[in-house]
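Okay, structure first, notes after.
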Amino acid sequence: MFKKVGIVVCSLVALFLVAGVVLAAEEAATEVASTEEAISVPVAAEVTPAVVEAPVNAGNMVCPVTGMKIDEMGKYTVEYQGKVYNLCSETCKEAFLKDPDTYVSKVNDELAAQESATEEAAPAETK
């Protein structure tokens, strides 16, 4: 009789152990899933590099601060709104940075005048 009781007890213990392992595995899977949801990041954010455009040289050959012709392009420069403006001295760079919009408009006027002079100098197309 003790043999039969021992077998039944051992069977019940084994059954409870298996059930406990299954429940623990399900609980762990649920925890992992909730943690992954909390820290998930869209794949596009991880893969897509930021696009950074390099600044473009404005191409001015006259200092917008002093109006002097610039002999060495790029010796004194300042970057503003994606463009690099050429200046004749460090002092002009400081003045440009204090009121950039005024000097940018002067550069734009200079470049427009150069473009207009180039168009006038080009021979008219014949038909």
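Please note that chains go A, B, ... in the order of the structure tokens, that every chain numbers its residues from 1, and that ligands are numbered from 1 in the order shown.
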
Proximity check stretch 95-114 of chain A to stretch 70-87 of chain A, 12 Å, nearest pairs one decimal Å, only C-alpha atoms, as CSV:
```
residue,atom,partner,partner_atom,distance
A:Ala95,CA,A:Leu87,CA,10.2
A:Phe96,CA,A:Val78,CA,8.0
A:Leu97,CA,A:Val78,CA,7.9
A:Lys98,CA,A:Val78,CA,11.7
A:Asp99,CA,A:Tyr80,CA,11.0
A:Pro100,CA,A:Tyr80,CA,7.6
A:Asp101,CA,A:Tyr80,CA,9.3
A:Tyr103,CA,A:Tyr85,CA,9.4
A:Val104,CA,A:Tyr85,CA,8.2
A:Ser105,CA,A:Tyr85,CA,11.6
A:Lys106,CA,A:Tyr85,CA,11.1
A:Val107,CA,A:Tyr85,CA,8.2
A:Asn108,CA,A:Tyr85,CA,10.7
A:Leu111,CA,A:Tyr85,CA,11.8
```

Per DSSP on the backbone, what are the strand (DSSP E or B) residues of stretch 45-122 of chain A, as a count of residues only?
14

Would you compute the distance between atom CA of A:Glu115 and atom CA of A:Gly67? Give it in Å to one decimal.
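Interatomic distance, atom CA of A:Glu115 to atom CA of A:Gly67: 17.9 Å.
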
Atom-to-atom span, atom CA of A:Gly59 and atom CA of A:Glu119, Å: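 Those two atoms sit 17.3 Å apart.
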